[in-house]
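K.L.:
Structure file coords-v6.pdb, PDB, C-alpha atoms, is pasted below:
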```pdb
ATOM      1  CA  MET A   1     -18.146  21.934-132.842
ATOM      2  CA  ALA A   2     -17.518  19.927-136.021
ATOM      3  CA  GLU A   3     -14.752  22.327-137.049
ATOM      4  CA  ALA A   4     -13.101  21.879-133.664
ATOM      5  CA  VAL A   5     -13.288  18.109-133.984
ATOM      6  CA  ASN A   6     -11.847  18.268-137.507
ATOM      7  CA  GLY A   7      -9.101  20.560-136.322
ATOM      8  CA  ASN A   8      -8.215  18.272-133.451
ATOM      9  CA  GLY A   9      -8.338  15.289-135.813
ATOM     10  CA  SER A  10      -5.934  16.956-138.252
ATOM     11  CA  ARG A  11      -3.531  17.828-135.469
ATOM     12  CA  SER A  12      -3.796  14.267-134.168
ATOM     13  CA  ASN A  13      -3.001  12.865-137.640
ATOM     14  CA  ARG A  14      -0.005  15.157-137.970
ATOM     15  CA  ARG A  15       1.256  14.069-134.545
ATOM     16  CA  ARG A  16       0.755  10.425-135.502
ATOM     17  CA  ARG A  17       2.853  10.897-138.660
ATOM     18  CA  SER A  18       5.611  12.584-136.646
ATOM     19  CA  ARG A  19       8.816  10.594-136.225
ATOM     20  CA  ARG A  20       8.922  11.241-132.486
ATOM     21  CA  VAL A  21       5.437   9.785-131.945
ATOM     22  CA  ASN A  22       5.581   7.187-134.724
ATOM     23  CA  PRO A  23       9.266   6.297-135.293
ATOM     24  CA  ASP A  24       8.596   3.111-137.283
ATOM     25  CA  GLY A  25       6.408   4.963-139.807
ATOM     26  CA  THR A  26       3.422   2.609-139.621
ATOM     27  CA  MET A  27       0.180   3.941-141.096
ATOM     28  CA  THR A  28      -3.296   2.593-141.581
ATOM     29  CA  LEU A  29      -4.752   2.046-145.045
ATOM     30  CA  ILE A  30      -7.045   5.061-144.675
ATOM     31  CA  GLU A  31      -4.084   7.242-143.709
ATOM     32  CA  HIS A  32      -2.254   6.049-146.819
ATOM     33  CA  ILE A  33      -5.221   7.061-148.976
ATOM     34  CA  TYR A  34      -5.445  10.477-147.321
ATOM     35  CA  GLU A  35      -1.713  11.026-147.741
ATOM     36  CA  PHE A  36      -1.833  10.026-151.408
ATOM     37  CA  ARG A  37      -4.766  12.376-151.983
ATOM     38  CA  ARG A  38      -2.873  15.217-150.345
ATOM     39  CA  ARG A  39       0.283  14.605-152.400
ATOM     40  CA  LEU A  40      -1.736  14.283-155.608
ATOM     41  CA  GLY A  41      -3.524  17.551-154.845
ATOM     42  CA  PHE A  42      -0.226  19.396-154.412
ATOM     43  CA  ALA A  43       1.118  17.840-157.631
ATOM     44  CA  LEU A  44      -1.931  18.978-159.606
ATOM     45  CA  LEU A  45      -1.627  22.428-158.052
ATOM     46  CA  PHE A  46       1.947  22.762-159.340
ATOM     47  CA  VAL A  47       0.823  21.612-162.811
ATOM     48  CA  VAL A  48      -1.906  24.282-162.808
ATOM     49  CA  ILE A  49       0.578  26.950-161.708
ATOM     50  CA  GLY A  50       2.939  25.847-164.476
ATOM     51  CA  GLY A  51       0.088  25.985-166.987
ATOM     52  CA  ILE A  52      -0.724  29.582-165.984
ATOM     53  CA  PHE A  53       2.943  30.510-166.356
ATOM     54  CA  GLY A  54       3.102  28.794-169.775
ATOM     55  CA  TRP A  55      -0.088  30.590-170.880
ATOM     56  CA  ILE A  56       1.481  33.972-170.078
ATOM     57  CA  TRP A  57       4.859  32.988-171.564
ATOM     58  CA  PHE A  58       3.159  32.060-174.858
ATOM     59  CA  GLU A  59       3.033  35.757-175.853
ATOM     60  CA  GLN A  60       5.545  37.361-173.497
ATOM     61  CA  HIS A  61       9.323  37.478-173.853
ATOM     62  CA  LEU A  62      11.279  36.567-170.723
ATOM     63  CA  GLY A  63      14.231  38.874-171.139
ATOM     64  CA  PRO A  64      16.538  37.352-173.764
ATOM     65  CA  ILE A  65      14.332  34.250-173.980
ATOM     66  CA  PRO A  66      11.792  34.517-176.813
ATOM     67  CA  SER A  67       8.112  33.859-176.268
ATOM     68  CA  LEU A  68       6.858  30.299-176.222
ATOM     69  CA  GLY A  69       4.824  30.942-179.352
ATOM     70  CA  ASN A  70       7.934  32.020-181.245
ATOM     71  CA  ILE A  71       9.845  28.976-180.019
ATOM     72  CA  MET A  72       7.127  26.623-181.249
ATOM     73  CA  THR A  73       6.705  28.320-184.661
ATOM     74  CA  GLN A  74      10.429  28.714-185.369
ATOM     75  CA  PRO A  75      10.727  25.306-187.140
ATOM     76  CA  TYR A  76       7.803  26.289-189.399
ATOM     77  CA  CYS A  77       9.417  29.655-190.128
ATOM     78  CA  ALA A  78      12.577  27.823-191.262
ATOM     79  CA  ILE A  79      10.710  26.637-194.373
ATOM     80  CA  PRO A  80      11.795  28.724-197.407
ATOM     81  CA  PRO A  81       9.381  31.661-197.924
ATOM     82  CA  SER A  82       8.604  30.540-201.464
ATOM     83  CA  GLN A  83       7.154  27.297-200.113
ATOM     84  CA  ARG A  84       5.289  28.791-197.150
ATOM     85  CA  PHE A  85       1.766  30.172-197.229
ATOM     86  CA  GLY A  86       1.354  33.829-196.305
ATOM     87  CA  SER A  87       5.005  34.782-196.768
ATOM     88  CA  ASP A  88       3.968  37.557-199.157
ATOM     89  CA  HIS A  89       2.308  39.379-196.269
ATOM     90  CA  GLY A  90       5.391  39.184-194.067
ATOM     91  CA  GLY A  91       6.257  36.855-191.242
ATOM     92  CA  CYS A  92       5.093  33.262-190.850
ATOM     93  CA  LYS A  93       1.747  32.476-189.288
ATOM     94  CA  LEU A  94      -0.238  29.302-188.775
ATOM     95  CA  LEU A  95      -3.856  28.892-189.841
ATOM     96  CA  GLN A  96      -6.873  28.814-187.564
ATOM     97  CA  THR A  97      -9.645  26.844-189.266
ATOM     98  CA  VAL A  98     -12.138  26.400-186.401
ATOM     99  CA  PRO A  99     -13.224  28.708-183.561
ATOM    100  CA  PHE A 100     -11.201  28.518-180.336
ATOM    101  CA  GLU A 101      -8.430  26.580-182.085
ATOM    102  CA  ILE A 102      -5.818  29.117-181.003
ATOM    103  CA  PHE A 103      -7.187  29.056-177.453
ATOM    104  CA  MET A 104      -6.838  25.281-177.222
ATOM    105  CA  VAL A 105      -3.378  25.352-178.814
ATOM    106  CA  ARG A 106      -2.176  28.000-176.390
ATOM    107  CA  LEU A 107      -3.637  26.055-173.464
ATOM    108  CA  LYS A 108      -2.048  22.790-174.621
ATOM    109  CA  VAL A 109       1.391  24.321-175.146
ATOM    110  CA  GLY A 110       1.220  26.328-171.925
ATOM    111  CA  VAL A 111       0.316  23.312-169.777
ATOM    112  CA  ALA A 112       3.007  21.148-171.423
ATOM    113  CA  ALA A 113       5.729  23.779-170.962
ATOM    114  CA  GLY A 114       4.660  24.598-167.409
ATOM    115  CA  ALA A 115       4.544  20.935-166.423
ATOM    116  CA  VAL A 116       8.094  20.450-167.722
ATOM    117  CA  LEU A 117       9.469  23.557-166.010
ATOM    118  CA  LEU A 118       7.859  22.757-162.661
ATOM    119  CA  SER A 119       8.421  19.009-162.914
ATOM    120  CA  PRO A 120      10.852  18.946-159.929
ATOM    121  CA  PHE A 121       8.080  20.268-157.672
ATOM    122  CA  TRP A 122       5.235  17.923-158.663
ATOM    123  CA  LEU A 123       7.553  14.933-159.035
ATOM    124  CA  TYR A 124       8.790  15.580-155.514
ATOM    125  CA  GLN A 125       5.244  15.023-154.208
ATOM    126  CA  PHE A 126       5.205  11.456-155.552
ATOM    127  CA  TRP A 127       8.743  10.931-154.339
ATOM    128  CA  ALA A 128       7.790  12.120-150.850
ATOM    129  CA  PHE A 129       4.980   9.556-150.824
ATOM    130  CA  ILE A 130       7.024   6.492-151.810
ATOM    131  CA  ALA A 131      10.468   7.374-150.403
ATOM    132  CA  PRO A 132       9.660   6.626-146.734
ATOM    133  CA  GLY A 133       8.797   3.055-147.751
ATOM    134  CA  LEU A 134      12.201   2.467-149.328
ATOM    135  CA  TYR A 135      15.524   1.504-147.814
ATOM    136  CA  SER A 136      18.413   3.938-148.047
ATOM    137  CA  LYS A 137      20.079   1.949-150.841
ATOM    138  CA  GLU A 138      16.816   1.802-152.797
ATOM    139  CA  ARG A 139      16.346   5.554-152.421
ATOM    140  CA  LYS A 140      19.839   6.138-153.780
ATOM    141  CA  TYR A 141      19.188   4.029-156.861
ATOM    142  CA  ALA A 142      15.782   5.628-157.401
ATOM    143  CA  LEU A 143      17.212   9.151-157.270
ATOM    144  CA  THR A 144      19.968   8.185-159.713
ATOM    145  CA  PHE A 145      17.425   6.662-162.075
ATOM    146  CA  VAL A 146      15.180   9.753-161.977
ATOM    147  CA  ALA A 147      18.136  12.113-162.519
ATOM    148  CA  PHE A 148      19.448  10.253-165.571
ATOM    149  CA  ALA A 149      15.920   9.758-166.936
ATOM    150  CA  SER A 150      15.277  13.516-166.768
ATOM    151  CA  VAL A 151      18.544  14.332-168.545
ATOM    152  CA  LEU A 152      17.943  11.753-171.283
ATOM    153  CA  PHE A 153      14.369  12.921-171.856
ATOM    154  CA  ALA A 154      15.517  16.538-172.183
ATOM    155  CA  ALA A 155      18.311  15.522-174.579
ATOM    156  CA  GLY A 156      15.845  13.632-176.765
ATOM    157  CA  ALA A 157      13.424  16.567-176.868
ATOM    158  CA  VAL A 158      16.208  19.005-177.788
ATOM    159  CA  LEU A 159      17.427  16.729-180.585
ATOM    160  CA  ALA A 160      13.881  16.457-181.963
ATOM    161  CA  TYR A 161      13.467  20.238-181.898
ATOM    162  CA  TYR A 162      16.618  20.774-183.956
ATOM    163  CA  LEU A 163      15.636  18.074-186.452
ATOM    164  CA  VAL A 164      12.123  19.418-187.089
ATOM    165  CA  PRO A 165      13.166  22.344-189.371
ATOM    166  CA  HIS A 166      15.143  20.018-191.650
ATOM    167  CA  ALA A 167      12.275  17.536-191.740
ATOM    168  CA  LEU A 168       9.700  20.219-192.592
ATOM    169  CA  ALA A 169      11.922  21.768-195.256
ATOM    170  CA  LEU A 170      12.438  18.358-196.855
ATOM    171  CA  LEU A 171       8.735  17.491-196.821
ATOM    172  CA  ALA A 172       7.732  20.911-198.151
ATOM    173  CA  GLY A 173      10.334  20.700-200.936
ATOM    174  CA  PHE A 174       8.625  17.784-202.668
ATOM    175  CA  GLY A 175       5.934  20.101-204.013
ATOM    176  CA  GLN A 176       8.395  22.436-205.729
ATOM    177  CA  GLU A 177       6.358  25.225-207.395
ATOM    178  CA  GLN A 178       3.049  23.343-207.585
ATOM    179  CA  PHE A 179       2.274  23.363-203.832
ATOM    180  CA  VAL A 180       2.533  25.725-200.902
ATOM    181  CA  THR A 181       2.749  24.648-197.245
ATOM    182  CA  ALA A 182      -0.154  25.946-195.141
ATOM    183  CA  LEU A 183      -0.229  24.217-191.741
ATOM    184  CA  THR A 184      -3.072  24.549-189.259
ATOM    185  CA  ALA A 185      -2.126  25.482-185.730
ATOM    186  CA  ASP A 186      -3.631  22.414-184.058
ATOM    187  CA  LYS A 187      -2.047  19.832-186.364
ATOM    188  CA  TYR A 188       1.337  21.566-186.409
ATOM    189  CA  ILE A 189       1.560  21.930-182.619
ATOM    190  CA  SER A 190       0.372  18.349-182.154
ATOM    191  CA  PHE A 191       3.095  17.211-184.569
ATOM    192  CA  ILE A 192       5.795  19.128-182.680
ATOM    193  CA  LEU A 193       4.682  17.959-179.221
ATOM    194  CA  SER A 194       4.328  14.331-180.309
ATOM    195  CA  LEU A 195       7.792  14.398-181.872
ATOM    196  CA  LEU A 196       9.327  15.879-178.707
ATOM    197  CA  LEU A 197       7.538  13.277-176.579
ATOM    198  CA  ILE A 198       8.535  10.352-178.807
ATOM    199  CA  PHE A 199      12.207  11.375-178.861
ATOM    200  CA  GLY A 200      12.229  12.012-175.118
ATOM    201  CA  VAL A 201      10.646   8.667-174.222
ATOM    202  CA  SER A 202      12.792   6.781-176.758
ATOM    203  CA  PHE A 203      15.940   8.085-175.098
ATOM    204  CA  GLU A 204      14.908   6.184-171.950
ATOM    205  CA  LEU A 205      15.404   2.799-173.654
ATOM    206  CA  PRO A 206      19.189   2.611-173.004
ATOM    207  CA  LEU A 207      18.564   3.475-169.357
ATOM    208  CA  LEU A 208      16.116   0.575-169.213
ATOM    209  CA  VAL A 209      18.848  -1.731-170.540
ATOM    210  CA  VAL A 210      21.231  -0.573-167.799
ATOM    211  CA  MET A 211      18.635  -1.119-165.075
ATOM    212  CA  LEU A 212      17.794  -4.611-166.377
ATOM    213  CA  ASN A 213      21.486  -5.427-166.305
ATOM    214  CA  ARG A 214      21.794  -4.112-162.753
ATOM    215  CA  VAL A 215      19.068  -6.418-161.481
ATOM    216  CA  GLY A 216      20.463  -9.399-163.395
ATOM    217  CA  VAL A 217      17.770  -9.815-166.061
ATOM    218  CA  VAL A 218      20.174  -9.371-168.983
ATOM    219  CA  LYS A 219      23.935  -9.782-169.073
ATOM    220  CA  TYR A 220      26.675  -8.283-171.212
ATOM    221  CA  GLN A 221      27.278 -11.506-173.105
ATOM    222  CA  GLN A 222      23.620 -11.618-174.093
ATOM    223  CA  LEU A 223      23.633  -7.995-175.203
ATOM    224  CA  LYS A 224      26.823  -8.565-177.182
ATOM    225  CA  LYS A 225      25.259 -11.556-178.906
ATOM    226  CA  TRP A 226      22.044  -9.665-179.703
ATOM    227  CA  ARG A 227      23.752  -6.394-180.699
ATOM    228  CA  ARG A 228      23.110  -6.555-184.468
ATOM    229  CA  GLY A 229      19.507  -7.633-184.097
ATOM    230  CA  LEU A 230      18.788  -4.963-181.494
ATOM    231  CA  VAL A 231      20.362  -2.212-183.609
ATOM    232  CA  PHE A 232      18.208  -3.308-186.545
ATOM    233  CA  ALA A 233      15.177  -3.255-184.232
ATOM    234  CA  LEU A 234      16.065   0.309-183.192
ATOM    235  CA  PHE A 235      16.005   1.440-186.834
ATOM    236  CA  VAL A 236      12.660  -0.278-187.378
ATOM    237  CA  PHE A 237      11.313   1.335-184.213
ATOM    238  CA  ALA A 238      12.511   4.771-185.371
ATOM    239  CA  ALA A 239      10.846   4.304-188.760
ATOM    240  CA  PHE A 240       7.466   3.579-187.139
ATOM    241  CA  ALA A 241       7.782   5.978-184.198
ATOM    242  CA  THR A 242       8.591   9.223-186.039
ATOM    243  CA  PRO A 243       5.282  10.852-187.028
ATOM    244  CA  GLY A 244       6.702  12.769-190.004
ATOM    245  CA  SER A 245       7.967   9.672-191.860
ATOM    246  CA  ASP A 246      10.926  11.733-193.060
ATOM    247  CA  PRO A 247      14.515  10.408-193.230
ATOM    248  CA  PHE A 248      15.941  13.185-191.040
ATOM    249  CA  SER A 249      13.792  12.340-188.012
ATOM    250  CA  MET A 250      14.121   8.591-188.530
ATOM    251  CA  LEU A 251      17.904   8.578-188.995
ATOM    252  CA  GLY A 252      18.408  11.105-186.195
ATOM    253  CA  LEU A 253      16.400   9.030-183.717
ATOM    254  CA  ALA A 254      17.888   5.714-184.841
ATOM    255  CA  GLY A 255      21.457   7.038-184.796
ATOM    256  CA  ALA A 256      21.102   8.576-181.343
ATOM    257  CA  LEU A 257      19.501   5.413-179.940
ATOM    258  CA  THR A 258      22.279   3.288-181.440
ATOM    259  CA  VAL A 259      24.954   5.413-179.767
ATOM    260  CA  LEU A 260      23.135   5.350-176.420
ATOM    261  CA  PHE A 261      22.542   1.610-176.746
ATOM    262  CA  GLU A 262      26.252   1.012-177.337
ATOM    263  CA  ILE A 263      27.055   3.107-174.263
ATOM    264  CA  SER A 264      24.602   1.045-172.209
ATOM    265  CA  ILE A 265      26.270  -2.167-173.447
ATOM    266  CA  GLN A 266      29.667  -0.908-172.314
ATOM    267  CA  ILE A 267      28.212   0.052-168.928
ATOM    268  CA  ALA A 268      26.800  -3.474-168.642
ATOM    269  CA  ARG A 269      30.210  -4.865-169.584
ATOM    270  CA  PHE A 270      31.914  -2.894-166.817
ATOM    271  CA  HIS A 271      29.227  -3.876-164.285
ATOM    272  CA  ASP A 272      29.396  -7.590-165.116
ATOM    273  CA  ARG A 273      33.190  -7.585-164.948
ATOM    274  CA  LYS A 274      33.080  -5.946-161.519
ATOM    275  CA  ARG A 275      30.377  -8.332-160.305
ATOM    276  CA  ASP A 276      32.289 -11.405-161.509
ATOM    277  CA  LYS A 277      35.384 -10.180-159.680
ATOM    278  CA  VAL A 278      33.412  -9.784-156.445
ATOM    279  CA  ARG A 279      31.890 -13.253-156.832
ATOM    280  CA  ALA A 280      35.343 -14.752-157.382
ATOM    281  CA  ASP A 281      36.773 -12.977-154.316
ATOM    282  CA  GLU A 282      33.891 -14.173-152.125
ATOM    283  CA  GLY A 283      34.087 -17.720-153.464
ATOM    284  CA  TRP A 284      30.615 -17.874-154.988
ATOM    285  CA  ASP A 285      31.765 -19.693-158.129
ATOM    286  CA  LYS A 286      33.516 -22.420-156.084
ATOM    287  CA  LEU A 287      30.492 -23.384-154.010
ATOM    288  CA  ALA A 288      29.069 -26.857-154.330
ATOM    289  CA  ASP A 289      25.357 -27.376-154.828
ATOM    290  CA  ASP A 290      24.874 -28.504-151.237
ATOM    291  CA  GLU A 291      26.878 -25.642-149.662
ATOM    292  CA  ALA A 292      25.252 -22.601-148.054
ATOM    293  CA  ALA A 293      25.710 -19.271-149.800
ATOM    294  CA  PRO A 294      27.821 -16.680-147.908
ATOM    295  CA  PHE A 295      24.950 -14.288-147.226
ATOM    296  CA  ASP A 296      25.165 -11.610-144.571
ATOM    297  CA  TYR A 297      22.535 -12.577-142.016
ATOM    298  CA  THR A 298      23.029  -9.498-139.817
ATOM    299  CA  PRO A 299      19.641  -7.791-139.256
ATOM    300  CA  SER A 300      19.331  -4.252-140.607
ATOM    301  CA  THR A 301      19.007  -1.381-138.151
ATOM    302  CA  ALA A 302      16.114   1.036-137.893
ATOM    303  CA  ASP A 303      18.111   3.701-139.753
ATOM    304  CA  ASP A 304      18.422   1.462-142.810
ATOM    305  CA  GLY A 305      14.747   0.613-142.934
ATOM    306  CA  PRO A 306      11.750   2.593-144.193
ATOM    307  CA  VAL A 307      10.849   5.501-141.943
ATOM    308  CA  ALA A 308       7.914   7.741-142.767
ATOM    309  CA  SER A 309       7.448  11.332-141.730
ATOM    310  CA  GLY A 310       4.329  12.085-143.732
ATOM    311  CA  GLY A 311       3.620   9.207-146.061
ATOM    312  CA  GLY A 312       5.079   5.961-147.249
ATOM    313  CA  ASN A 313       3.993   2.456-147.914
ATOM    314  CA  ARG A 314       4.260   0.740-144.558
ATOM    315  CA  THR A 315       0.990  -0.963-143.614
ATOM    316  CA  ASP A 316       2.068  -3.005-140.612
ATOM    317  CA  ASP A 317      -0.972  -1.999-138.556
ATOM    318  CA  ILE A 318      -3.682  -1.835-141.195
ATOM    319  CA  THR A 319      -7.047  -1.655-139.503
TER
END
```
Turn this file's structure into structure tokens for me.
P.N.:
Amino acid sequence: MAEAVNGNGSRSNRRRRSRRVNPDGTMTLIEHIYEFRRRLGFALLFVVIGGIFGWIWFEQHLGPIPSLGNIMTQPYCAIPPSQRFGSDHGGCKLLQTVPFEIFMVRLKVGVAAGAVLLSPFWLYQFWAFIAPGLYSKERKYALTFVAFASVLFAAGAVLAYYLVPHALALLAGFGQEQFVTALTADKYISFILSLLLIFGVSFELPLLVVMLNRVGVVKYQQLKKWRRGLVFALFVFAAFATPGSDPFSMLGLAGALTVLFEISIQIARFHDRKRDKVRADEGWDKLADDEAAPFDYTPSTADDGPVASGGGNRTDDIT
């Protein structure tokens, strides 16, 4: 009897979230919580599936693509054999100093790689939850922001990966013949992942500048005036952010951020010039203090407003 009631309740909830039954997308607070729990469950499921795939990929080649373990150890293998521990026995291998260290490393790398590869699927779950509560123009800007943020994060991670071999070779070269580099698996993998994460997140800073300019927080003239100080701040940030404290990583991150920051300034310049032209055409700059602004007071239609088909953030009838 309880199962029948639960089944009828689930069907009733699905009908309530349908656009034909509930065209304005209103939901109660409890329904919002249930919907968020459902979306979060699907997102975690995709992360788990990605982790299983990454665990298998750690030792398996995917056609021409090398195994994930080889990809992660390739920067370490770029160190000259004379400066690397175990090179006399052939190959390049990391050290395991505690039990289950390799298990935890493989799990960490597998989950990270799987989460990145399946990120469109679990990110879509959060997008499906918040998108119905946004207007069409807001959804367009949000999708553009997510697309550029993903590309910039990937570009930063790729740059970090190609800089790691040079950084390790430089750091290992200070010992000359008196030292040999013997890295433990946990510390080496943590170093690589943290460097990829730091570069990826740092590449989002120029995008943040563009978004602040779009909403009117900062203007091109301000950015132009602060350019030298901000570039200096980027170099200071790179010096503290790079975990290896080597010049290759620091200069690579600082140089890339400087180029991206200059691009964001030029984008702000183009946006402000276009906005000033629109204001001049509409007569905004000629208005007196006691004149009404030429806003468009036409109400928006239902198609332009938030419509939910299975989630959203409308709580007009919270009970």
K.L.:
Please determine the residues with any atom at most 12 Å from (17.5, 17.5, -178.8) (coordinates as given in the file, with all atoms listed in the file counting) and report them as a ChimeraX atom specification.
P.N.:
/A:151-164,195-200,202-203,249,252-253,256
K.L.:
Any idea what's packed within 7 Å of region 80-86 of chain A, counting only C-alpha atoms, ignoring anything in its chain fewer than 6 positions away? Could you give it as an MDAnalysis selection string?
P.N.:
chainID A and resid 92 172 180:182
K.L.:
Just the number, please: distance in Å from CA of Ala113 (chain A) to CA of Gly54 (chain A), one decimal.
P.N.:
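One can read the CA of Ala113 (chain A) to CA of Gly54 (chain A) distance as 5.8 Å.
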K.L.:
Please write as a PDB file with C-alpha atoms, keeping the file's coordinate frame the full residue list that the PyMOL selection byres ((chain A and resi 187) around 12) yields on this file.
P.N.:
```pdb
ATOM      1  CA  LEU A  94      -0.238  29.302-188.775  1.00  0.00           C
ATOM      2  CA  LEU A  95      -3.856  28.892-189.841  1.00  0.00           C
ATOM      3  CA  GLN A  96      -6.873  28.814-187.564  1.00  0.00           C
ATOM      4  CA  THR A  97      -9.645  26.844-189.266  1.00  0.00           C
ATOM      5  CA  GLU A 101      -8.430  26.580-182.085  1.00  0.00           C
ATOM      6  CA  ILE A 102      -5.818  29.117-181.003  1.00  0.00           C
ATOM      7  CA  MET A 104      -6.838  25.281-177.222  1.00  0.00           C
ATOM      8  CA  VAL A 105      -3.378  25.352-178.814  1.00  0.00           C
ATOM      9  CA  ALA A 182      -0.154  25.946-195.141  1.00  0.00           C
ATOM     10  CA  LEU A 183      -0.229  24.217-191.741  1.00  0.00           C
ATOM     11  CA  THR A 184      -3.072  24.549-189.259  1.00  0.00           C
ATOM     12  CA  ALA A 185      -2.126  25.482-185.730  1.00  0.00           C
ATOM     13  CA  ASP A 186      -3.631  22.414-184.058  1.00  0.00           C
ATOM     14  CA  TYR A 188       1.337  21.566-186.409  1.00  0.00           C
ATOM     15  CA  ILE A 189       1.560  21.930-182.619  1.00  0.00           C
ATOM     16  CA  SER A 190       0.372  18.349-182.154  1.00  0.00           C
ATOM     17  CA  PHE A 191       3.095  17.211-184.569  1.00  0.00           C
ATOM     18  CA  ILE A 192       5.795  19.128-182.680  1.00  0.00           C
ATOM     19  CA  LEU A 193       4.682  17.959-179.221  1.00  0.00           C
ATOM     20  CA  SER A 194       4.328  14.331-180.309  1.00  0.00           C
ATOM     21  CA  PRO A 243       5.282  10.852-187.028  1.00  0.00           C
ATOM     22  CA  GLY A 244       6.702  12.769-190.004  1.00  0.00           C
TER      23      GLY A 244
END
```
K.L.:
Tell me, in Å to one decimal, how far CA of Ala131 (chain A) is from CA of Asn213 (chain A).
P.N.:
23.2 Å
